[in-house]
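Listing of protein_34.txt; format and content: compact mmCIF, C-alpha atoms.
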```txt
# COMPACT_ATOMS: atom_id res chain seq x y z
CA MET A 1 8.69 70.14 19.70
CA LYS A 2 12.07 68.70 18.86
CA ASN A 3 13.13 68.63 15.26
CA PHE A 4 12.57 65.23 13.59
CA ARG A 5 15.62 64.00 11.72
CA PRO A 6 14.83 61.26 9.16
CA PHE A 7 17.19 58.36 8.56
CA SER A 8 19.86 58.97 5.97
CA SER A 9 19.79 57.06 2.69
CA ALA A 10 22.75 54.94 3.78
CA THR A 11 21.05 53.99 7.03
CA ARG A 12 17.86 53.01 5.23
CA LEU A 13 19.78 50.83 2.77
CA LEU A 14 21.64 49.12 5.60
CA PHE A 15 18.35 48.46 7.43
CA CYS A 16 16.79 46.91 4.28
CA ALA A 17 19.84 44.70 3.72
CA ILE A 18 19.65 43.37 7.29
CA CYS A 19 15.93 42.59 6.90
CA LEU A 20 16.52 40.71 3.64
CA ALA A 21 19.32 38.69 5.20
CA LEU A 22 17.12 37.69 8.12
CA LEU A 23 14.13 36.78 5.96
CA SER A 24 16.02 34.93 3.23
CA PRO A 25 16.70 31.23 3.94
CA SER A 26 20.31 30.13 4.02
CA PRO A 27 21.50 27.92 1.12
CA ALA A 28 21.70 24.91 3.43
CA SER A 29 18.15 25.24 4.78
CA ALA A 30 16.72 25.87 1.32
CA GLN A 31 17.79 22.39 0.20
CA SER A 32 15.44 19.58 1.24
CA ALA A 33 16.13 15.84 1.22
CA ASP A 34 14.12 15.56 -1.99
CA ASP A 35 16.21 18.31 -3.59
CA TYR A 36 19.46 16.53 -2.77
CA LEU A 37 18.02 13.23 -4.02
CA LYS A 38 16.93 14.82 -7.30
CA HIS A 39 20.38 16.36 -7.85
CA ALA A 40 22.08 13.07 -6.97
CA LYS A 41 20.14 11.22 -9.66
CA LYS A 42 21.31 13.78 -12.22
CA ALA A 43 24.96 13.64 -11.13
CA GLU A 44 27.54 11.37 -12.73
CA LEU A 45 26.90 7.75 -11.72
CA TRP A 46 29.21 6.46 -8.95
CA SER A 47 30.96 9.84 -8.67
CA LYS A 48 32.04 11.44 -5.39
CA GLU A 49 29.62 14.28 -6.09
CA GLN A 50 26.74 11.84 -6.40
CA PHE A 51 27.71 10.08 -3.17
CA ASP A 52 27.89 13.38 -1.26
CA LEU A 53 24.44 14.37 -2.51
CA TYR A 54 22.96 11.00 -1.55
CA MET A 55 24.60 11.32 1.86
CA LYS A 56 23.04 14.76 2.46
CA ALA A 57 19.61 13.42 1.52
CA ALA A 58 20.18 10.33 3.69
CA GLU A 59 21.18 12.43 6.70
CA LEU A 60 17.94 14.38 6.25
CA GLY A 61 16.00 11.11 6.48
CA ASN A 62 15.28 10.14 2.86
CA ALA A 63 14.94 6.33 2.83
CA GLU A 64 15.78 5.91 -0.86
CA ALA A 65 18.98 7.90 -0.40
CA GLN A 66 19.85 5.85 2.68
CA CYS A 67 19.70 2.71 0.55
CA GLU A 68 21.87 4.31 -2.13
CA VAL A 69 24.48 5.22 0.49
CA GLY A 70 24.36 1.64 1.75
CA VAL A 71 24.91 0.30 -1.76
CA ARG A 72 28.03 2.42 -2.15
CA TYR A 73 29.46 1.01 1.05
CA THR A 74 28.96 -2.55 -0.22
CA ILE A 75 31.04 -2.02 -3.36
CA ASN A 76 34.59 -0.79 -3.51
CA ARG A 77 33.87 2.42 -5.42
CA VAL A 78 33.77 6.08 -4.32
CA VAL A 79 34.16 5.02 -0.66
CA ALA A 80 35.92 2.03 0.84
CA LYS A 81 33.84 -1.12 1.26
CA ASP A 82 32.35 -1.18 4.74
CA TYR A 83 29.52 -3.63 5.41
CA TYR A 84 28.97 -2.21 8.89
CA GLU A 85 28.27 1.25 7.50
CA ALA A 86 26.10 -0.23 4.75
CA PHE A 87 24.01 -2.15 7.27
CA LYS A 88 23.57 1.00 9.36
CA TRP A 89 22.09 2.92 6.43
CA TYR A 90 19.97 0.00 5.21
CA ASN A 91 18.60 -0.34 8.72
CA LYS A 92 17.66 3.36 8.81
CA ALA A 93 15.68 2.91 5.60
CA ALA A 94 14.07 -0.28 6.93
CA ASP A 95 12.99 1.54 10.08
CA GLN A 96 10.92 3.80 7.85
CA GLY A 97 9.19 0.81 6.26
CA TYR A 98 11.04 1.25 2.95
CA ALA A 99 10.79 -2.07 1.08
CA GLU A 100 14.27 -2.05 -0.43
CA GLY A 101 15.82 -1.21 2.92
CA ILE A 102 13.94 -4.08 4.57
CA TYR A 103 15.14 -6.42 1.81
CA LYS A 104 18.75 -5.26 2.20
CA VAL A 105 18.65 -5.85 5.95
CA GLY A 106 17.26 -9.35 5.36
CA TYR A 107 20.01 -10.05 2.83
CA ALA A 108 22.62 -8.83 5.32
CA TYR A 109 21.32 -11.21 8.00
CA LEU A 110 21.27 -14.06 5.48
CA TYR A 111 24.92 -13.66 4.48
CA GLY A 112 26.35 -11.98 7.58
CA GLU A 113 27.29 -8.72 5.90
CA GLY A 114 27.79 -6.07 8.59
CA VAL A 115 25.86 -8.11 11.14
CA GLN A 116 26.02 -11.62 12.53
CA LYS A 117 24.22 -14.24 10.46
CA ASP A 118 20.73 -14.85 11.75
CA TYR A 119 18.46 -16.92 9.52
CA LYS A 120 15.30 -16.22 11.52
CA MET A 121 15.89 -12.48 11.30
CA ALA A 122 16.67 -12.88 7.60
CA GLU A 123 13.36 -14.70 7.19
CA GLN A 124 11.38 -11.97 8.96
CA TYR A 125 12.90 -9.11 6.99
CA LEU A 126 12.77 -10.88 3.64
CA LEU A 127 9.15 -11.90 4.21
CA SER A 128 8.27 -8.31 5.08
CA ALA A 129 9.97 -7.03 1.90
CA ALA A 130 8.25 -9.68 -0.22
CA TYR A 131 4.83 -8.82 1.20
CA LYS A 132 5.55 -5.17 0.40
CA GLY A 133 6.03 -6.18 -3.23
CA TYR A 134 9.83 -6.24 -3.45
CA GLY A 135 10.16 -9.14 -5.89
CA GLN A 136 13.85 -9.93 -5.47
CA ALA A 137 13.20 -10.88 -1.84
CA SER A 138 11.26 -13.94 -3.02
CA PHE A 139 14.38 -15.45 -4.63
CA TYR A 140 16.39 -15.22 -1.41
CA LEU A 141 13.47 -16.60 0.57
CA GLY A 142 13.67 -19.61 -1.73
CA MET A 143 17.41 -19.88 -1.04
CA LEU A 144 16.85 -19.47 2.69
CA TYR A 145 14.21 -22.20 2.87
CA THR A 146 16.21 -24.53 0.62
CA TYR A 147 19.62 -24.40 2.28
CA HIS A 148 19.14 -23.09 5.81
CA LEU A 149 15.61 -23.47 7.19
CA GLU A 150 14.97 -26.65 5.16
CA ASN A 151 11.33 -26.11 4.30
CA LYS A 152 10.79 -27.52 0.82
CA ASN A 153 7.20 -26.34 0.41
CA GLU A 154 8.08 -22.77 1.33
CA ALA A 155 11.12 -22.85 -0.97
CA ILE A 156 8.94 -23.98 -3.87
CA TYR A 157 6.34 -21.31 -3.14
CA TRP A 158 8.85 -18.46 -3.11
CA TYR A 159 10.82 -19.65 -6.14
CA LYS A 160 7.51 -19.70 -8.04
CA LYS A 161 6.81 -16.18 -6.82
CA HIS A 162 10.20 -15.09 -8.16
CA VAL A 163 9.56 -16.77 -11.51
CA ASP A 164 6.23 -14.93 -11.76
CA TYR A 165 7.89 -11.64 -10.79
CA THR A 166 10.70 -11.88 -13.35
CA TYR A 167 8.26 -13.03 -16.03
CA ALA A 168 6.09 -9.96 -15.41
CA GLU A 169 9.12 -7.64 -15.28
CA ARG A 170 11.20 -8.94 -18.20
CA GLY A 171 8.87 -11.12 -20.23
CA GLU A 172 10.87 -14.23 -19.37
CA PRO A 173 11.22 -16.19 -16.12
CA CYS A 174 14.43 -16.29 -14.09
CA SER A 175 16.43 -19.28 -15.30
CA THR A 176 18.09 -19.73 -11.88
CA SER A 177 14.75 -19.97 -10.08
CA LEU A 178 13.48 -22.43 -12.69
CA GLU A 179 16.59 -24.57 -12.23
CA ASN A 180 16.20 -24.45 -8.44
CA LEU A 181 12.59 -25.57 -8.83
CA ARG A 182 13.63 -28.47 -11.06
CA GLU A 183 16.13 -29.55 -8.41
CA LEU A 184 13.21 -29.59 -5.97
CA GLY A 185 11.21 -31.76 -8.39
CA VAL A 186 8.96 -29.05 -9.83
CA TYR A 187 8.49 -28.09 -13.49
CA TYR A 188 6.92 -24.68 -13.60
CA HIS A 189 6.09 -21.81 -15.91
CA PRO A 190 4.07 -18.68 -15.07
CA ASN A 191 0.32 -19.00 -15.68
CA GLU A 192 0.61 -22.76 -16.09
CA LYS A 193 -0.35 -25.47 -13.63
CA SER A 194 2.61 -27.04 -11.86
CA SER A 195 3.33 -30.11 -9.79
CA ASN A 196 5.12 -30.56 -6.49
CA SER A 197 6.60 -33.82 -7.76
CA SER A 198 8.86 -34.70 -10.68
CA GLN A 199 6.01 -35.52 -13.06
CA THR A 200 5.95 -33.58 -16.31
CA GLN A 201 3.62 -30.68 -17.07
CA SER A 202 1.52 -32.74 -19.47
CA GLN A 203 1.10 -35.51 -16.88
CA ALA A 204 -0.03 -33.01 -14.30
CA GLN A 205 -2.59 -31.52 -16.68
CA THR A 206 -3.93 -34.95 -17.64
CA GLN A 207 -4.30 -35.94 -14.01
CA THR A 208 -6.13 -32.70 -13.23
CA GLN A 209 -8.60 -33.25 -16.07
CA THR A 210 -9.57 -36.71 -14.76
CA GLN A 211 -10.27 -35.44 -11.23
CA GLN A 212 -13.63 -34.14 -10.05
CA VAL A 213 -13.85 -30.36 -10.23
CA TYR A 214 -13.98 -28.87 -6.75
CA THR A 215 -14.61 -25.19 -6.13
CA PRO A 216 -13.75 -24.10 -2.60
CA GLU A 217 -15.51 -21.22 -0.89
CA TYR A 218 -13.55 -18.55 0.97
CA GLY A 219 -14.25 -15.95 3.61
CA VAL A 220 -12.24 -13.08 5.07
CA ARG A 221 -11.47 -12.54 8.73
CA ASP A 222 -9.29 -10.30 10.89
CA VAL A 223 -6.23 -12.12 12.18
CA TRP A 224 -3.78 -10.76 14.74
CA VAL A 225 -0.25 -10.93 13.33
CA ASN A 226 2.73 -10.59 15.62
CA CYS A 227 5.17 -7.84 14.71
CA PHE A 228 8.06 -9.45 12.85
CA ASP A 229 10.61 -7.13 14.44
CA CYS A 230 9.81 -7.60 18.13
CA HIS A 231 8.23 -11.10 17.85
CA GLY A 232 5.04 -9.75 19.39
CA THR A 233 6.67 -8.47 22.57
CA GLY A 234 6.17 -4.80 21.75
CA GLN A 235 9.70 -4.07 22.95
CA CYS A 236 12.47 -2.44 20.95
CA THR A 237 14.82 -5.22 19.87
CA TYR A 238 17.84 -2.92 19.93
CA CYS A 239 17.67 -1.77 23.54
CA LYS A 240 15.56 -4.74 24.77
CA GLY A 241 12.90 -2.37 26.03
CA THR A 242 15.25 -0.43 28.32
CA GLY A 243 15.50 2.67 26.13
CA TRP A 244 19.31 2.64 26.45
CA CYS A 245 22.10 0.95 24.51
CA ILE A 246 25.64 -0.06 25.33
CA SER A 247 27.22 -0.72 22.01
CA THR A 248 30.27 -0.54 19.77
CA ASN A 249 30.52 0.32 16.10
CA GLY A 250 30.71 -3.40 15.35
CA ARG A 251 34.49 -3.55 15.42
CA GLY A 252 35.21 -2.79 19.04
CA GLU A 253 36.63 0.66 18.37
CA TYR A 254 34.53 2.36 21.03
CA ASN A 255 32.02 1.49 23.71
CA SER A 256 29.50 3.89 25.16
CA THR A 257 26.07 4.19 26.72
CA TYR A 258 23.50 6.26 24.88
CA LYS A 259 19.79 6.67 24.44
CA CYS A 260 18.53 4.18 21.87
CA THR A 261 18.32 5.94 18.50
CA ILE A 262 15.80 3.43 17.13
CA CYS A 263 13.04 3.90 19.68
CA HIS A 264 14.24 7.35 20.84
CA GLY A 265 14.52 6.06 24.38
CA SER A 266 10.92 4.90 24.61
CA GLY A 267 11.80 1.20 24.76
CA ARG A 268 8.89 0.46 22.39
CA CYS A 269 9.15 -1.29 19.05
CA THR A 270 9.06 1.29 16.24
CA TYR A 271 7.21 -1.02 13.85
CA CYS A 272 4.21 -1.80 16.01
CA HIS A 273 4.59 1.19 18.38
CA GLY A 274 4.64 -1.14 21.35
CA SER A 275 1.42 -2.95 20.47
CA GLY A 276 3.20 -6.18 19.57
CA GLY A 277 1.50 -6.56 16.19
CA HIS A 278 -1.51 -5.64 14.12
CA TYR A 279 -4.71 -7.03 12.60
CA GLU A 280 -4.76 -7.87 8.93
CA LYS A 281 -7.36 -9.30 6.58
CA GLN A 282 -6.71 -12.93 5.75
CA GLN A 283 -8.60 -15.28 3.49
CA TYR A 284 -9.67 -18.65 4.84
CA GLN A 285 -11.38 -21.64 3.27
CA ILE A 286 -14.96 -22.29 4.36
CA ARG A 287 -15.34 -25.59 2.51
```
Re-express the file's structure as structure tokens.
Amino acid sequence: MKNFRPFSSATRLLFCAICLALLSPSPASAQSADDYLKHAKKAELWSKEQFDLYMKAAELGNAEAQCEVGVRYTINRVVAKDYYEAFKWYNKAADQGYAEGIYKVGYAYLYGEGVQKDYKMAEQYLLSAAYKGYGQASFYLGMLYTYHLENKNEAIYWYKKHVDYTYAERGEPCSTSLENLRELGVYYHPNEKSSNSSQTQSQAQTQTQTQQVYTPEYGVRDVWVNCFDCHGTGQCTYCKGTGWCISTNGRGEYNSTYKCTICHGSGRCTYCHGSGGHYEKQQYQIR
């Protein structure tokens, strides 16, 4: 039998060091999107360090960080103002169903920041954000219906929603929304009855008291709602259902063909997964 020669101490130490290096995660992989986001919130506000941390979290798919990166591209601090870049990051957050990202995309379509003005697209995104509970969207829906889509009733409804939202948030209603309502002939305060005409609050209450009390009955039913992004077609609006895009960066600096990054080449809408919409519970009046 041949003599067995054990490993030397130096060899054993080298072997252990290699094992530890292989098993230990690298610094980059140890940091998650949530870690970068947490560090960014602790960093100096508007600093380059904070921007870099938000960017790392955004690149790893964190929707909140994507919105923060977009915000920094809309103001001339830390990085140069670039509405195209801002829209790109807002859109990434919106694609994940993040309410603020959806609102920011709607705002961009409303004012043409980083994308061509499109009031119908602005309406769809702002409505989606409002239904998700993002209160500021209701103000811009009021603006949209007042000045662009010219729907007075909808404008009144959404300005009231914004008044209610600011009253709940700050303890006082938004003075701008109240003024906009007055210009539309409505005097309104949260938790008080209002009128759709120019009559005063007291007149409206007096008129209500003299009317016969009517209590409607309501039921609930499932209603098919078309997907706001694809208009019920089920197709990706970016690649038009082809799965491929021919696009520039918005300024004509390059032009290339690539697999659509929104639908990952599937051609299906990412919001409804190609179904074209969804069922939701809606209340309806029986009598």
* **Separation of atom CA of A:Asp95 from atom CA of A:Arg268, in Å and rounded to one decimal** =>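 One can read the atom CA of A:Asp95 to atom CA of A:Arg268 distance as 13.0 Å.
Interatomic distance, atom CA of A:Cys227 to atom CA of A:Tyr271: 7.2 Å.
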* Asked: If you count all atoms listed in the file, which residues fall within 7 Å of A:Gly234, apart from same-chain ones fewer than 6 positions away, as a PyMOL selection string?
  -> chain A and resi 268-269+272+274-276
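Of the listed residues (A:Lys240, A:Lys120, A:Arg170, A:Lys41), A:Lys120 comes nearest to A:Leu149; the distances count all atoms listed in the file.
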* Would you mind reading off the distance between atom CA of A:Ala33 and atom CA of A:Lys56, one decimal, in Å? =>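 Going from atom CA of A:Ala33 over to atom CA of A:Lys56, I get 7.1 Å.
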* To do: Would you kindly return, as number ranges by chain, each protein, DNA or RNA residue with an atom no farther than 12 Å from any atom of A:Lys104, considering only C-alpha atoms and excluding same-chain residues fewer than 6 positions away?
  => A: 64, 66-68, 70-71, 74, 83, 86-95, 98, 110-115, 121-123, 125-130, 134, 136-137, 140
* **Residue neighbourhood A:Ala40, 6 Å, all atoms listed in the file, exclusion window fewer than 5 positions, as number ranges by chain** => A: 50, 53-54
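Between A:Asn62 and the residues A:Lys48, A:His264, A:Lys81, A:Lys38, the shortest atom-to-atom distance, using only C-alpha atoms, involves A:Lys38.
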* Tell me, as number ranges by chain, which residues lie within 9 Å of A:Met143, counting only C-alpha atoms; anything in the same chain fewer than 3 positions away does not count. => A: 138-140, 146-148, 155, 158-159, 180
Extract stretch 228-239 of chain A from the structure I just pasted (atoms: all heavy atoms) and return it as a PDB file, in the first residue's frame.
```
ATOM      1  N   PHE A 228     -57.883  49.649 -20.848  1.00  0.00           N
ATOM      2  CA  PHE A 228     -57.667  51.042 -21.243  1.00  0.00           C
ATOM      3  C   PHE A 228     -56.440  51.194 -22.123  1.00  0.00           C
ATOM      4  O   PHE A 228     -56.328  52.132 -22.905  1.00  0.00           O
ATOM      5  CB  PHE A 228     -57.533  51.940 -20.006  1.00  0.00           C
ATOM      6  CG  PHE A 228     -56.181  51.899 -19.351  1.00  0.00           C
ATOM      7  CD1 PHE A 228     -55.171  52.755 -19.725  1.00  0.00           C
ATOM      8  CD2 PHE A 228     -55.913  50.976 -18.351  1.00  0.00           C
ATOM      9  CE1 PHE A 228     -53.926  52.702 -19.122  1.00  0.00           C
ATOM     10  CE2 PHE A 228     -54.682  50.922 -17.743  1.00  0.00           C
ATOM     11  CZ  PHE A 228     -53.682  51.790 -18.127  1.00  0.00           C
ATOM     12  N   ASP A 229     -55.500  50.252 -22.023  1.00  0.00           N
ATOM     13  CA  ASP A 229     -54.246  50.403 -22.764  1.00  0.00           C
ATOM     14  C   ASP A 229     -54.399  49.963 -24.219  1.00  0.00           C
ATOM     15  O   ASP A 229     -53.893  50.627 -25.119  1.00  0.00           O
ATOM     16  CB  ASP A 229     -53.134  49.598 -22.095  1.00  0.00           C
ATOM     17  CG  ASP A 229     -51.781  49.850 -22.741  1.00  0.00           C
ATOM     18  OD1 ASP A 229     -51.383  51.025 -22.777  1.00  0.00           O
ATOM     19  OD2 ASP A 229     -51.142  48.896 -23.199  1.00  0.00           O
ATOM     20  N   CYS A 230     -55.082  48.859 -24.443  1.00  0.00           N
ATOM     21  CA  CYS A 230     -55.181  48.331 -25.807  1.00  0.00           C
ATOM     22  C   CYS A 230     -56.560  48.570 -26.416  1.00  0.00           C
ATOM     23  O   CYS A 230     -56.850  48.064 -27.496  1.00  0.00           O
ATOM     24  CB  CYS A 230     -54.847  46.840 -25.839  1.00  0.00           C
ATOM     25  SG  CYS A 230     -56.065  45.809 -24.964  1.00  0.00           S
ATOM     26  N   HIS A 231     -57.435  49.290 -25.713  1.00  0.00           N
ATOM     27  CA  HIS A 231     -58.792  49.604 -26.189  1.00  0.00           C
ATOM     28  C   HIS A 231     -59.593  48.335 -26.467  1.00  0.00           C
ATOM     29  O   HIS A 231     -60.439  48.311 -27.363  1.00  0.00           O
ATOM     30  CB  HIS A 231     -58.736  50.472 -27.444  1.00  0.00           C
ATOM     31  CG  HIS A 231     -57.883  51.689 -27.298  1.00  0.00           C
ATOM     32  ND1 HIS A 231     -58.270  52.797 -26.572  1.00  0.00           N
ATOM     33  CD2 HIS A 231     -56.633  51.971 -27.757  1.00  0.00           C
ATOM     34  CE1 HIS A 231     -57.313  53.703 -26.619  1.00  0.00           C
ATOM     35  NE2 HIS A 231     -56.309  53.234 -27.308  1.00  0.00           N
ATOM     36  N   GLY A 232     -59.291  47.279 -25.716  1.00  0.00           N
ATOM     37  CA  GLY A 232     -60.049  46.051 -25.870  1.00  0.00           C
ATOM     38  C   GLY A 232     -59.578  45.135 -26.983  1.00  0.00           C
ATOM     39  O   GLY A 232     -60.160  44.076 -27.201  1.00  0.00           O
ATOM     40  N   THR A 233     -58.504  45.509 -27.673  1.00  0.00           N
ATOM     41  CA  THR A 233     -58.033  44.674 -28.782  1.00  0.00           C
ATOM     42  C   THR A 233     -57.200  43.493 -28.306  1.00  0.00           C
ATOM     43  O   THR A 233     -57.066  42.502 -29.012  1.00  0.00           O
ATOM     44  CB  THR A 233     -57.171  45.495 -29.754  1.00  0.00           C
ATOM     45  OG1 THR A 233     -55.982  45.942 -29.068  1.00  0.00           O
ATOM     46  CG2 THR A 233     -57.935  46.698 -30.279  1.00  0.00           C
ATOM     47  N   GLY A 234     -56.604  43.625 -27.120  1.00  0.00           N
ATOM     48  CA  GLY A 234     -55.730  42.571 -26.619  1.00  0.00           C
ATOM     49  C   GLY A 234     -54.335  42.625 -27.198  1.00  0.00           C
ATOM     50  O   GLY A 234     -53.469  41.816 -26.846  1.00  0.00           O
ATOM     51  N   GLN A 235     -54.074  43.593 -28.086  1.00  0.00           N
ATOM     52  CA  GLN A 235     -52.760  43.700 -28.718  1.00  0.00           C
ATOM     53  C   GLN A 235     -51.892  44.725 -28.004  1.00  0.00           C
ATOM     54  O   GLN A 235     -52.385  45.714 -27.479  1.00  0.00           O
ATOM     55  CB  GLN A 235     -52.901  44.128 -30.185  1.00  0.00           C
ATOM     56  CG  GLN A 235     -53.495  43.078 -31.091  1.00  0.00           C
ATOM     57  CD  GLN A 235     -53.470  43.511 -32.543  1.00  0.00           C
ATOM     58  OE1 GLN A 235     -53.198  44.668 -32.843  1.00  0.00           O
ATOM     59  NE2 GLN A 235     -53.766  42.591 -33.449  1.00  0.00           N
ATOM     60  N   CYS A 236     -50.615  44.472 -28.008  1.00  0.00           N
ATOM     61  CA  CYS A 236     -49.648  45.438 -27.457  1.00  0.00           C
ATOM     62  C   CYS A 236     -49.709  46.708 -28.290  1.00  0.00           C
ATOM     63  O   CYS A 236     -49.610  46.665 -29.519  1.00  0.00           O
ATOM     64  CB  CYS A 236     -48.247  44.841 -27.499  1.00  0.00           C
ATOM     65  SG  CYS A 236     -46.953  46.008 -27.014  1.00  0.00           S
ATOM     66  N   THR A 237     -49.877  47.840 -27.631  1.00  0.00           N
ATOM     67  CA  THR A 237     -50.006  49.108 -28.352  1.00  0.00           C
ATOM     68  C   THR A 237     -48.662  49.638 -28.843  1.00  0.00           C
ATOM     69  O   THR A 237     -48.621  50.546 -29.657  1.00  0.00           O
ATOM     70  CB  THR A 237     -50.648  50.174 -27.451  1.00  0.00           C
ATOM     71  OG1 THR A 237     -49.899  50.277 -26.228  1.00  0.00           O
ATOM     72  CG2 THR A 237     -52.078  49.795 -27.117  1.00  0.00           C
ATOM     73  N   TYR A 238     -47.575  49.074 -28.326  1.00  0.00           N
ATOM     74  CA  TYR A 238     -46.258  49.556 -28.728  1.00  0.00           C
ATOM     75  C   TYR A 238     -45.810  48.927 -30.040  1.00  0.00           C
ATOM     76  O   TYR A 238     -45.265  49.591 -30.905  1.00  0.00           O
ATOM     77  CB  TYR A 238     -45.237  49.300 -27.627  1.00  0.00           C
ATOM     78  CG  TYR A 238     -45.473  50.144 -26.413  1.00  0.00           C
ATOM     79  CD1 TYR A 238     -46.323  49.724 -25.404  1.00  0.00           C
ATOM     80  CD2 TYR A 238     -44.880  51.393 -26.287  1.00  0.00           C
ATOM     81  CE1 TYR A 238     -46.580  50.515 -24.294  1.00  0.00           C
ATOM     82  CE2 TYR A 238     -45.120  52.194 -25.182  1.00  0.00           C
ATOM     83  CZ  TYR A 238     -45.974  51.749 -24.191  1.00  0.00           C
ATOM     84  OH  TYR A 238     -46.228  52.531 -23.099  1.00  0.00           O
ATOM     85  N   CYS A 239     -46.021  47.631 -30.168  1.00  0.00           N
ATOM     86  CA  CYS A 239     -45.585  46.941 -31.389  1.00  0.00           C
ATOM     87  C   CYS A 239     -46.762  46.615 -32.297  1.00  0.00           C
ATOM     88  O   CYS A 239     -46.591  45.952 -33.316  1.00  0.00           O
ATOM     89  CB  CYS A 239     -44.814  45.677 -31.041  1.00  0.00           C
ATOM     90  SG  CYS A 239     -45.825  44.429 -30.196  1.00  0.00           S
TER      91      CYS A 239
END
```
